[in-house]
>>> print(open('input_38.txt').read())   # compact mmCIF, C-alpha atoms and all ligand atoms
# COMPACT_ATOMS: atom_id res chain seq x y z
CA MET A 77 111.03 102.75 141.24
CA PHE A 78 112.44 100.14 143.59
CA TRP A 79 113.53 102.15 146.60
CA GLU A 80 111.38 105.21 147.01
CA ARG A 81 111.89 108.26 149.17
CA GLY A 82 111.70 108.38 152.97
CA PHE A 83 111.47 104.92 154.45
CA ARG A 84 112.60 103.47 151.11
CA ASP A 85 115.31 106.06 150.42
CA PRO A 86 118.16 104.25 148.61
CA HIS A 87 120.87 106.41 150.22
CA LEU A 88 119.54 105.71 153.69
CA VAL A 89 119.25 102.01 152.87
CA LYS A 90 122.87 101.99 151.65
CA ARG A 91 124.07 103.62 154.86
CA ILE A 92 122.20 101.13 157.04
CA ILE A 93 123.56 98.20 155.02
CA GLU A 94 127.09 99.52 155.60
CA LYS A 95 126.35 99.74 159.33
CA ILE A 96 124.96 96.19 159.27
CA ARG A 97 128.16 94.95 157.61
CA GLU A 98 130.24 96.65 160.30
CA ALA A 99 128.15 95.21 163.14
CA ALA A 100 127.77 91.69 161.72
CA PRO A 101 130.00 88.93 163.06
CA LYS A 102 132.89 88.00 160.77
CA ARG A 103 132.74 84.22 161.23
CA ASP A 104 129.86 82.84 163.33
CA VAL A 105 126.38 83.04 161.89
CA VAL A 106 123.72 84.83 163.97
CA LYS A 107 120.06 83.96 163.61
CA ILE A 108 117.51 86.77 163.88
CA CYS A 109 113.91 85.59 164.03
CA HIS A 110 110.93 87.77 163.14
CA VAL A 111 107.39 86.69 163.96
CA CYS A 112 105.29 88.46 161.38
CA GLY A 113 104.02 87.68 157.89
CA THR A 114 104.22 91.34 156.89
CA HIS A 115 107.89 91.47 157.90
CA GLU A 116 108.48 88.38 155.77
CA TRP A 117 106.73 90.07 152.87
CA VAL A 118 108.93 93.15 153.15
CA ILE A 119 112.11 91.07 153.52
CA SER A 120 111.27 88.85 150.54
CA HIS A 121 109.82 91.41 148.19
CA TYR A 122 112.58 93.97 148.70
CA GLY A 123 115.29 91.33 148.49
CA ILE A 124 116.58 92.28 151.94
CA ARG A 125 118.22 88.90 152.59
CA SER A 126 120.39 89.35 149.51
CA LEU A 127 121.72 92.61 150.97
CA LEU A 128 122.86 91.05 154.25
CA PRO A 129 126.28 89.56 155.04
CA GLU A 130 126.44 85.75 154.95
CA THR A 131 126.80 85.68 158.73
CA VAL A 132 123.32 87.18 159.26
CA ASP A 133 120.46 84.73 158.88
CA VAL A 134 116.96 86.23 159.16
CA VAL A 135 114.30 83.55 159.63
CA ALA A 136 110.51 83.70 159.78
CA GLY A 137 108.76 82.42 162.90
CA PRO A 138 105.06 81.71 163.46
CA GLY A 139 103.70 85.04 162.26
CA CYS A 140 100.94 83.83 159.95
CA PRO A 141 97.63 83.35 161.79
CA VAL A 142 96.11 81.12 159.14
CA CYS A 143 99.19 78.85 159.10
CA VAL A 144 99.16 78.24 162.86
CA THR A 145 95.43 77.53 163.21
CA PRO A 146 95.27 73.82 163.99
CA ALA A 147 93.46 71.49 161.62
CA ALA A 148 91.08 70.55 164.48
CA GLU A 149 89.76 74.13 164.60
CA VAL A 150 89.36 74.25 160.82
CA ASP A 151 87.47 70.95 161.19
CA GLU A 152 85.20 72.56 163.80
CA ALA A 153 84.39 75.44 161.45
CA ILE A 154 83.64 73.01 158.63
CA GLU A 155 81.50 70.90 160.95
CA ALA A 156 79.40 73.93 161.88
CA ALA A 157 78.93 74.68 158.18
CA LEU A 158 77.99 71.07 157.41
CA ARG A 159 75.40 71.27 160.20
CA GLY A 160 73.68 74.14 158.44
CA ALA A 161 75.41 77.32 159.58
CA VAL A 162 76.72 79.85 157.08
CA LEU A 163 80.46 79.94 157.73
CA ALA A 164 81.89 83.45 157.41
CA CYS A 165 85.68 83.51 157.15
CA PHE A 166 88.56 85.57 155.81
CA GLY A 167 89.60 85.06 152.19
CA ASP A 168 92.73 82.98 152.78
CA VAL A 169 91.05 80.83 155.44
CA ILE A 170 88.70 79.37 152.86
CA ARG A 171 91.52 77.31 151.32
CA VAL A 172 93.31 76.27 154.48
CA PRO A 173 93.39 72.48 154.84
CA GLY A 174 91.58 70.86 157.73
CA SER A 175 92.10 67.17 158.51
CA ASN A 176 90.13 65.99 155.50
CA MET A 177 89.10 69.07 153.58
CA SER A 178 89.27 72.85 153.45
CA PRO A 179 86.24 75.17 153.88
CA MET A 180 86.32 75.57 150.09
CA GLU A 181 86.02 71.80 149.63
CA ALA A 182 83.20 71.76 152.19
CA LYS A 183 81.48 74.38 150.05
CA VAL A 184 81.73 72.07 147.06
CA LYS A 185 80.03 69.41 149.20
CA GLY A 186 77.14 71.79 149.83
CA ALA A 187 78.18 73.76 152.90
CA GLU A 188 77.56 77.49 152.74
CA VAL A 189 80.87 79.32 153.14
CA ARG A 190 81.24 83.04 152.55
CA VAL A 191 84.30 85.28 152.50
CA VAL A 192 84.25 88.40 154.68
CA TYR A 193 86.79 91.18 155.09
CA SER A 194 86.04 91.79 158.76
CA VAL A 195 83.85 90.64 161.62
CA THR A 196 81.62 93.63 160.87
CA ASP A 197 80.79 92.10 157.47
CA ALA A 198 79.63 88.95 159.26
CA VAL A 199 77.46 91.01 161.61
CA LYS A 200 75.89 92.85 158.66
CA MET A 201 75.19 89.56 156.86
CA ALA A 202 73.51 88.14 159.95
CA GLU A 203 71.38 91.28 160.31
CA ARG A 204 70.37 91.18 156.64
CA GLU A 205 69.43 87.49 156.75
CA PRO A 206 67.76 86.85 160.10
CA ASN A 207 66.45 83.46 158.98
CA LYS A 208 69.93 82.00 158.63
CA ASP A 209 72.47 81.11 161.29
CA PHE A 210 75.99 82.42 160.82
CA VAL A 211 79.30 81.39 162.37
CA PHE A 212 82.24 83.79 162.19
CA PHE A 213 85.58 81.94 162.19
CA ALA A 214 87.57 84.38 164.33
CA ILE A 215 91.20 83.82 163.37
CA GLY A 216 94.05 86.19 164.07
CA PHE A 217 96.49 87.57 166.61
CA GLU A 218 96.19 90.51 169.00
CA THR A 219 95.51 92.78 166.01
CA THR A 220 92.16 91.21 165.10
CA ALA A 221 90.97 89.92 168.49
CA PRO A 222 89.89 93.40 169.70
CA SER A 223 87.45 93.82 166.78
CA THR A 224 85.88 90.43 167.55
CA ALA A 225 85.58 91.50 171.19
CA ALA A 226 84.07 94.86 170.24
CA GLU A 227 81.31 93.24 168.15
CA ILE A 228 80.47 90.81 170.94
CA LEU A 229 80.31 93.61 173.50
CA LYS A 230 78.03 95.63 171.21
CA GLY A 231 75.59 92.72 171.31
CA SER A 232 75.79 90.70 168.11
CA PRO A 233 72.66 89.48 166.29
CA ARG A 234 71.20 86.33 167.88
CA ASN A 235 71.79 84.37 164.66
CA LEU A 236 75.56 85.00 164.74
CA SER A 237 77.98 82.96 166.84
CA PHE A 238 81.78 82.95 166.95
CA LEU A 239 84.29 80.17 166.56
CA VAL A 240 87.08 81.88 168.44
CA SER A 241 90.54 80.88 167.24
CA HIS A 242 92.57 83.92 168.24
CA ARG A 243 96.19 83.47 169.34
CA LEU A 244 98.75 85.54 171.20
CA ILE A 245 102.27 86.20 169.94
CA PRO A 246 104.53 86.64 173.03
CA PRO A 247 103.78 83.16 174.48
CA VAL A 248 104.77 81.44 171.24
CA MET A 249 107.96 83.53 171.07
CA GLU A 250 108.80 82.30 174.54
CA LEU A 251 108.10 78.70 173.56
CA MET A 252 110.42 79.04 170.57
CA LEU A 253 113.31 79.83 172.90
CA GLY A 254 112.85 76.37 174.40
CA ILE A 255 113.26 74.62 171.03
CA GLY A 256 116.90 73.63 171.47
CA ASP A 257 118.06 73.36 167.88
CA LEU A 258 116.57 76.70 166.78
CA GLN A 259 119.30 78.74 168.51
CA ILE A 260 117.80 82.17 168.01
CA ASP A 261 120.12 85.10 168.75
CA ALA A 262 117.58 87.95 168.55
CA PHE A 263 113.90 88.63 167.93
CA ILE A 264 112.28 91.18 165.68
CA ALA A 265 108.82 91.66 167.18
CA PRO A 266 105.77 92.44 165.03
CA GLY A 267 104.90 96.12 164.81
CA HIS A 268 101.15 95.85 164.42
CA VAL A 269 100.70 93.38 167.30
CA SER A 270 102.87 95.72 169.36
CA THR A 271 100.61 98.71 168.65
CA ILE A 272 97.99 96.77 170.64
CA ILE A 273 99.99 95.08 173.39
CA GLY A 274 102.71 97.69 173.90
CA LEU A 275 106.18 96.94 175.22
CA GLU A 276 105.59 95.18 178.53
CA PRO A 277 104.82 91.62 177.21
CA TYR A 278 108.24 91.52 175.50
CA GLU A 279 110.27 92.56 178.53
CA ILE A 280 110.67 88.94 179.58
CA PHE A 281 112.89 88.21 176.56
CA PRO A 282 115.88 90.42 177.42
CA LYS A 283 115.32 90.07 181.17
CA ALA A 284 114.82 86.33 181.58
CA TYR A 285 116.40 84.99 178.37
CA ARG A 286 119.07 87.64 177.55
CA MET A 287 117.48 87.86 174.12
CA PRO A 288 117.81 91.14 172.16
CA THR A 289 114.30 92.10 171.05
CA ILE A 290 113.49 94.89 168.61
CA ILE A 291 109.95 96.01 167.75
CA ALA A 292 109.96 96.98 164.08
CA GLY A 293 107.72 98.71 161.54
CA PHE A 294 107.03 97.59 158.00
CA GLU A 295 109.06 99.70 155.64
CA PRO A 296 112.35 98.33 154.29
CA VAL A 297 114.22 100.91 156.38
CA ASP A 298 112.35 99.79 159.53
CA VAL A 299 113.34 96.18 159.00
CA LEU A 300 116.95 97.01 158.13
CA LEU A 301 117.25 99.28 161.16
CA ALA A 302 115.83 96.54 163.39
CA ILE A 303 118.39 94.08 162.02
CA TYR A 304 121.16 96.61 162.70
CA MET A 305 119.89 97.27 166.23
CA ALA A 306 119.80 93.53 166.94
CA LEU A 307 123.33 93.04 165.55
CA LYS A 308 124.66 95.89 167.66
CA GLN A 309 123.21 94.32 170.81
CA ILE A 310 124.66 90.92 169.91
CA ARG A 311 128.08 92.44 169.14
CA ASP A 312 128.09 94.41 172.40
CA GLY A 313 126.88 91.45 174.48
CA ARG A 314 123.76 93.37 175.48
CA ALA A 315 120.14 92.25 175.66
CA ALA A 316 117.49 94.96 175.66
CA LEU A 317 114.01 95.64 174.37
CA GLU A 318 114.17 98.44 171.80
CA ASN A 319 111.31 100.05 169.91
CA GLU A 320 112.29 100.93 166.36
CA TYR A 321 108.60 101.53 165.53
CA ASN A 322 108.08 104.28 168.09
CA ARG A 323 106.11 106.37 165.60
CA ALA A 324 103.24 103.86 166.09
CA VAL A 325 103.95 101.74 169.19
CA ARG A 326 103.50 103.26 172.63
CA ARG A 327 104.82 101.71 175.81
CA GLU A 328 101.31 101.03 177.08
CA GLY A 329 99.97 99.87 173.69
CA ASN A 330 96.31 100.43 172.88
CA VAL A 331 94.69 100.50 176.28
CA ARG A 332 91.14 100.40 174.93
CA ALA A 333 91.79 97.42 172.67
CA LYS A 334 93.45 95.52 175.50
CA ASP A 335 90.48 96.27 177.73
CA LEU A 336 88.05 94.93 175.08
CA MET A 337 90.02 91.68 174.89
CA ARG A 338 90.23 91.36 178.68
CA ARG A 339 86.47 91.85 179.07
CA VAL A 340 85.48 89.26 176.44
CA PHE A 341 88.19 86.58 176.46
CA ASN A 342 89.99 84.27 178.83
CA VAL A 343 93.60 83.39 178.09
CA VAL A 344 94.21 79.64 178.06
CA GLY A 345 96.79 77.19 176.75
CA GLY A 346 96.09 75.94 173.25
CA SER A 347 97.41 74.14 170.25
CA TRP A 348 99.30 75.80 167.38
CA ARG A 349 99.59 74.03 164.07
CA GLY A 350 103.08 72.68 163.56
CA ILE A 351 104.14 73.64 167.07
CA GLY A 352 101.90 71.89 169.57
CA ARG A 353 100.51 73.16 172.84
CA VAL A 354 101.60 76.65 173.87
CA PRO A 355 100.76 77.75 177.42
CA ASP A 356 98.62 80.90 177.82
CA SER A 357 98.52 81.54 174.10
CA THR A 358 94.90 81.23 172.93
CA LEU A 359 91.67 83.08 173.66
CA THR A 360 88.31 81.62 174.60
CA LEU A 361 85.04 83.41 175.30
CA ARG A 362 84.38 84.23 178.95
CA GLU A 363 81.45 82.43 180.48
CA GLU A 364 79.13 85.43 180.29
CA TYR A 365 79.45 85.35 176.49
CA ALA A 366 78.87 81.61 176.12
CA LYS A 367 75.70 82.29 174.11
CA TYR A 368 77.94 83.56 171.29
CA ASP A 369 80.13 80.47 171.36
CA ALA A 370 79.67 78.42 168.16
CA ARG A 371 81.24 75.38 169.84
CA GLU A 372 78.52 75.47 172.52
CA LYS A 373 75.75 76.25 170.08
CA TYR A 374 76.57 73.40 167.71
CA GLY A 375 77.98 71.01 170.30
CA ILE A 376 81.31 70.86 168.50
CA LYS A 377 84.58 70.10 170.23
CA ILE A 378 87.23 68.47 168.07
CA LEU A 379 90.36 67.87 170.11
CA SER A 380 92.83 66.71 167.50
CA GLY A 381 93.26 66.79 163.75
CA ARG A 382 95.71 66.05 161.00
CA ASP A 383 97.95 69.12 161.04
CA VAL A 384 100.65 67.99 158.64
CA ARG A 385 99.98 66.28 155.32
CA PRO A 386 102.39 63.67 153.95
CA GLY A 387 105.54 65.33 152.67
CA CYS A 388 104.59 68.78 153.93
CA GLN A 389 107.26 70.52 156.02
CA CYS A 390 105.08 73.37 157.33
CA HIS A 391 105.83 72.38 160.93
CA LEU A 392 109.51 73.16 160.24
CA VAL A 393 108.86 76.28 158.16
CA ILE A 394 106.53 77.73 160.81
CA VAL A 395 109.26 77.81 163.44
CA GLY A 396 112.02 78.90 161.05
CA LYS A 397 113.88 75.58 161.17
CA ILE A 398 113.94 75.31 157.39
CA LYS A 399 113.34 77.70 154.53
CA PRO A 400 110.47 77.00 152.11
CA THR A 401 112.95 76.04 149.38
CA GLU A 402 114.12 73.17 151.60
CA CYS A 403 110.68 71.53 151.40
CA PRO A 404 110.75 69.01 148.53
CA LEU A 405 107.21 69.99 147.56
CA PHE A 406 107.93 73.72 147.20
CA MET A 407 106.91 74.91 143.73
CA ARG A 408 106.57 71.32 142.60
CA ALA A 409 103.57 69.62 144.19
CA CYS A 410 102.81 72.74 146.29
CA THR A 411 102.20 76.12 144.64
CA PRO A 412 100.00 79.15 145.44
CA GLN A 413 97.57 77.86 142.81
CA LYS A 414 97.55 74.33 144.28
CA PRO A 415 98.69 74.52 147.90
CA VAL A 416 99.42 71.46 150.02
CA GLY A 417 100.20 73.01 153.40
CA PRO A 418 98.83 76.04 155.25
CA CYS A 419 102.08 78.02 154.74
CA MET A 420 101.25 78.14 151.02
CA VAL A 421 97.67 79.24 151.73
CA GLY A 422 97.82 82.11 154.23
CA ILE A 423 98.66 85.44 152.62
CA GLU A 424 101.18 85.84 155.45
CA GLY A 425 102.50 82.30 155.03
CA THR A 426 106.24 82.08 154.41
CA CYS A 427 105.94 79.56 151.58
CA ARG A 428 103.30 81.61 149.82
CA ILE A 429 105.33 84.82 150.15
CA TRP A 430 108.45 83.11 148.77
CA ALA A 431 106.45 81.51 145.96
CA VAL A 432 104.66 84.72 144.93
CA THR A 433 107.95 86.63 145.02
CA ARG A 434 109.52 84.01 142.74
CA GLN A 435 106.60 84.10 140.34
CA GLN A 436 106.71 87.90 140.19
CA LEU A 437 110.46 87.91 139.63
CA SER A 438 110.14 85.37 136.85
CA ARG A 439 107.55 87.66 135.23
CA GLY A 440 109.84 90.65 135.76
CA ASN A 441 107.27 92.32 137.98
CA ARG A 442 108.56 92.51 141.48
CA PHE A 443 105.92 94.52 143.31
CA GLU A 444 102.51 93.79 141.95
CA GLU A 445 101.25 92.21 145.18
CA GLY A 446 101.16 93.65 148.67
S1 LIG B 501 106.04 74.17 150.29
FE1 LIG B 501 103.94 73.51 150.74
S2 LIG B 501 104.11 71.50 151.60
FE2 LIG B 501 106.15 72.44 151.71
S3 LIG B 501 106.24 73.39 153.73
FE3 LIG B 501 105.49 74.92 152.32
S4 LIG B 501 103.27 74.77 152.42
FE4 LIG B 501 104.08 72.90 153.37
>>> encode(input="input_38.txt", output="C-alpha cells")
Amino acid sequence: MFWERGFRDPHLVKRIIEKIREAAPKRDVVKICHVCGTHEWVISHYGIRSLLPETVDVVAGPGCPVCVTPAAEVDEAIEAALRGAVLACFGDVIRVPGSNMSPMEAKVKGAEVRVVYSVTDAVKMAEREPNKDFVFFAIGFETTAPSTAAEILKGSPRNLSFLVSHRLIPPVMELMLGIGDLQIDAFIAPGHVSTIIGLEPYEIFPKAYRMPTIIAGFEPVDVLLAIYMALKQIRDGRAALENEYNRAVRREGNVRAKDLMRRVFNVVGGSWRGIGRVPDSTLTLREEYAKYDAREKYGIKILSGRDVRPGCQCHLVIVGKIKPTECPLFMRACTPQKPVGPCMVGIEGTCRIWAVTRQQLSRGNRFEEG
C-alpha cells in the first residue's frame, strides 16, 4: 500500500497538502532546498513534488557524501591501493569516478579494493590479515565521522590507516547562500546529521541570513510538514529555526559523538566536488593521530583532480541549480548501470535517485529500493 499508517497516513498527508496549498504563494515561486540524499529519496519515491503547488520548488542541495568527494581524494585512495594497500571503501564509493579511473577500474588494473559496510569491518579485516596493509576511505558527513573517530580512539590495528574525507554540512549550507543565482528561500536541514550536531550550528541561518530553516525527519509526513513549516515562515515574513524531527533531534545533539569528533579531528577548509573550496567544512586527523593518516603513511597528497567529466552537469545538480533531467546525458549516456558523474553513482545522489525512481515506475514497482 502506498501511504501506510502513522507517518504515511493518507488522511494526514491530505490535510498537510491542503495546508501547504493555503500557505503557498499564489504567483511567485519559492525555492526550498534540502541537503540530504535520504530526503531526496523520500521526495522522489513518494512523488511528493507532484503533490505540491506549482509555486513551490523543492530542490536537492549537496547532501550526497559520495557525490561531493573531490576527484583528487578519490585519486589519493586509488594511489594508495596501487602502491599495495588494500583499499576498504563503502559500496557506492567503489564506482565513483576519480580523475582517470574509479576504485573499481583500479581493481581491474590489479589494485586490491574491498567493499565494507562500516569502519568496523575494515578494522576486523586488518586484524584478520596482519600481513597486509589496509586503508579505510573515510567518506561521509557528521553521521559517519564519529564512528571513524571512535575506532581511532580505540587504537586501530597498526596495519590500518585512514584516508579521512569527512565533510560538514552547515558550512556548505552557508556557502550556498552566497551563490547569487540560487536564490534559496528556506532550508530543510538533514535529520540524521542533526541528531549528531543538534540545533546550534543552524542558528546562523535565521539569525544572520533571515533564512527559515526546518530540521526534518524521513517519513513522507515529516518532509511535508517541514515544507509547510517553511512556507508558513515565508508567508509570515519570519525566519526561525524549527525542529520538526524533535522525536530524534535534541537541542544539544549527541554530545558523546561530538566529543569523539573533537578529540580526533581538526576542522579545516576543503574542496567539495562541484562546489569548490568551502571554509571550515572538512575534517583532518589531529597531529597526535598522524600515525593513522594514510596520506602521511603513503606520502600521498594530490591537490587537484578532474571533478567534472565532459558533458556532465553534476556541479549544477549538486547545488540544486538544475534538475537531473536537465542534464543532456541523463538516462542517455549516463544511467545507474553506466554512470558518468558521481551524482549517478552515490546511493544518495540526486541523479541516481531520479533514475532509479523512473526505472521502478516504468516497471510498475515503485518501492522496491530504499
Ligand atoms: S545525469 Fe550523469 S552526467 Fe548528468 S549530471 Fe547526473 S551524474 Fe552527471
>>> closest_residue(input="input_38.txt", among="A:Phe212, A:Tyr122, A:Trp117, A:Phe406", to="A:Ala164", atoms="all atoms listed in the file")
A:Phe212
>>> closest_residue(input="input_38.txt", among="A:Asp261, A:Glu328, A:Asp298, A:Glu227", to="A:Glu276", atoms="only C-alpha atoms")
A:Glu328
>>> closest_residue(input="input_38.txt", among="A:Val111, A:Ala431, A:Gly422, A:Ile291", to="A:Gly167", atoms="only C-alpha atoms")
A:Gly422
>>> residues_near_ligand(input="input_38.txt", ligand="ligand LIG 501 (chain B)", cutoff="9 Å", atoms="only C-alpha atoms and all ligand atoms", output="ChimeraX atom specification")
/A:143,384-394,398-412,415-421,425-428,431
>>> closest_residue(input="input_38.txt", among="A:Met249, A:Met177, A:Ile272, A:Val105", to="A:Met287", atoms="all atoms listed in the file")
A:Met249
>>> closest_residue(input="input_38.txt", among="A:Asn342, A:Gln259, A:Thr224, A:Ser270", to="A:Lys397", atoms="all atoms listed in the file")
A:Gln259
>>> axis_aligned_box(input="input_38.txt", around="stretch 398-412 of chain A", padding_each_side="3 Å", output="lines of an AutoDock Vina configuration file")
center_x = 107.1
center_y = 74.1
center_z = 150.0
size_x = 20.1
size_y = 16.1
size_z = 20.8
>>> residues_near_point(input="input_38.txt", point="(103.1, 94.4, 161.0)", cutoff="8 Å", atoms="only C-alpha atoms", output="list of chain:residue names")
A:Cys112, A:Gly113, A:Thr114, A:His115, A:Pro266, A:Gly267, A:His268, A:Val269, A:Ala292, A:Gly293, A:Phe294
>>> atom_distance(input="input_38.txt", atom1="atom CA of A:Leu158", atom2="atom CA of A:Arg382")
18.8 Å
>>> residues_around(input="input_38.txt", residues="A:Leu128", least_positions_apart="3", cutoff="8 Å", atoms="all atoms listed in the file", output="PyMOL selection string")
chain A and resi 93+96-97+124-125+132
>>> closest_residue(input="input_38.txt", among="A:Ile154, A:Ile92, A:Ile376, A:Val142", to="A:Lys185", atoms="only C-alpha atoms")
A:Ile154
>>> atom_distance(input="input_38.txt", atom1="atom CA of A:Asp104", atom2="atom CA of A:Thr131")
6.2 Å
>>> decode(input="input_38.txt", residues="stretch 306-330 of chain A", atoms="C-alpha atoms", output="compact mmCIF listing (two decimals), in the first residue's frame")
# COMPACT_ATOMS: atom_id res chain seq x y z
CA ALA A 306 8.92 26.63 5.78
CA LEU A 307 6.04 28.04 3.69
CA LYS A 308 4.34 29.43 6.78
CA GLN A 309 7.52 31.24 7.79
CA ILE A 310 7.97 32.64 4.28
CA ARG A 311 4.31 33.76 4.13
CA ASP A 312 4.54 35.41 7.56
CA GLY A 313 7.88 37.09 6.82
CA ARG A 314 9.52 35.19 9.67
CA ALA A 315 12.86 33.41 9.83
CA ALA A 316 13.32 30.84 12.58
CA LEU A 317 14.99 27.52 13.24
CA GLU A 318 12.30 24.89 13.84
CA ASN A 319 12.77 21.23 14.69
CA GLU A 320 10.14 19.06 13.03
CA TYR A 321 12.18 15.95 13.94
CA ASN A 322 12.09 16.52 17.69
CA ARG A 323 11.39 12.83 18.34
CA ALA A 324 15.07 12.20 17.42
CA VAL A 325 16.95 15.53 17.43
CA ARG A 326 17.82 17.17 20.74
CA ARG A 327 18.97 20.74 21.07
CA GLU A 328 22.44 19.64 22.19
CA GLY A 329 22.70 16.80 19.65
CA ASN A 330 24.75 13.75 20.52
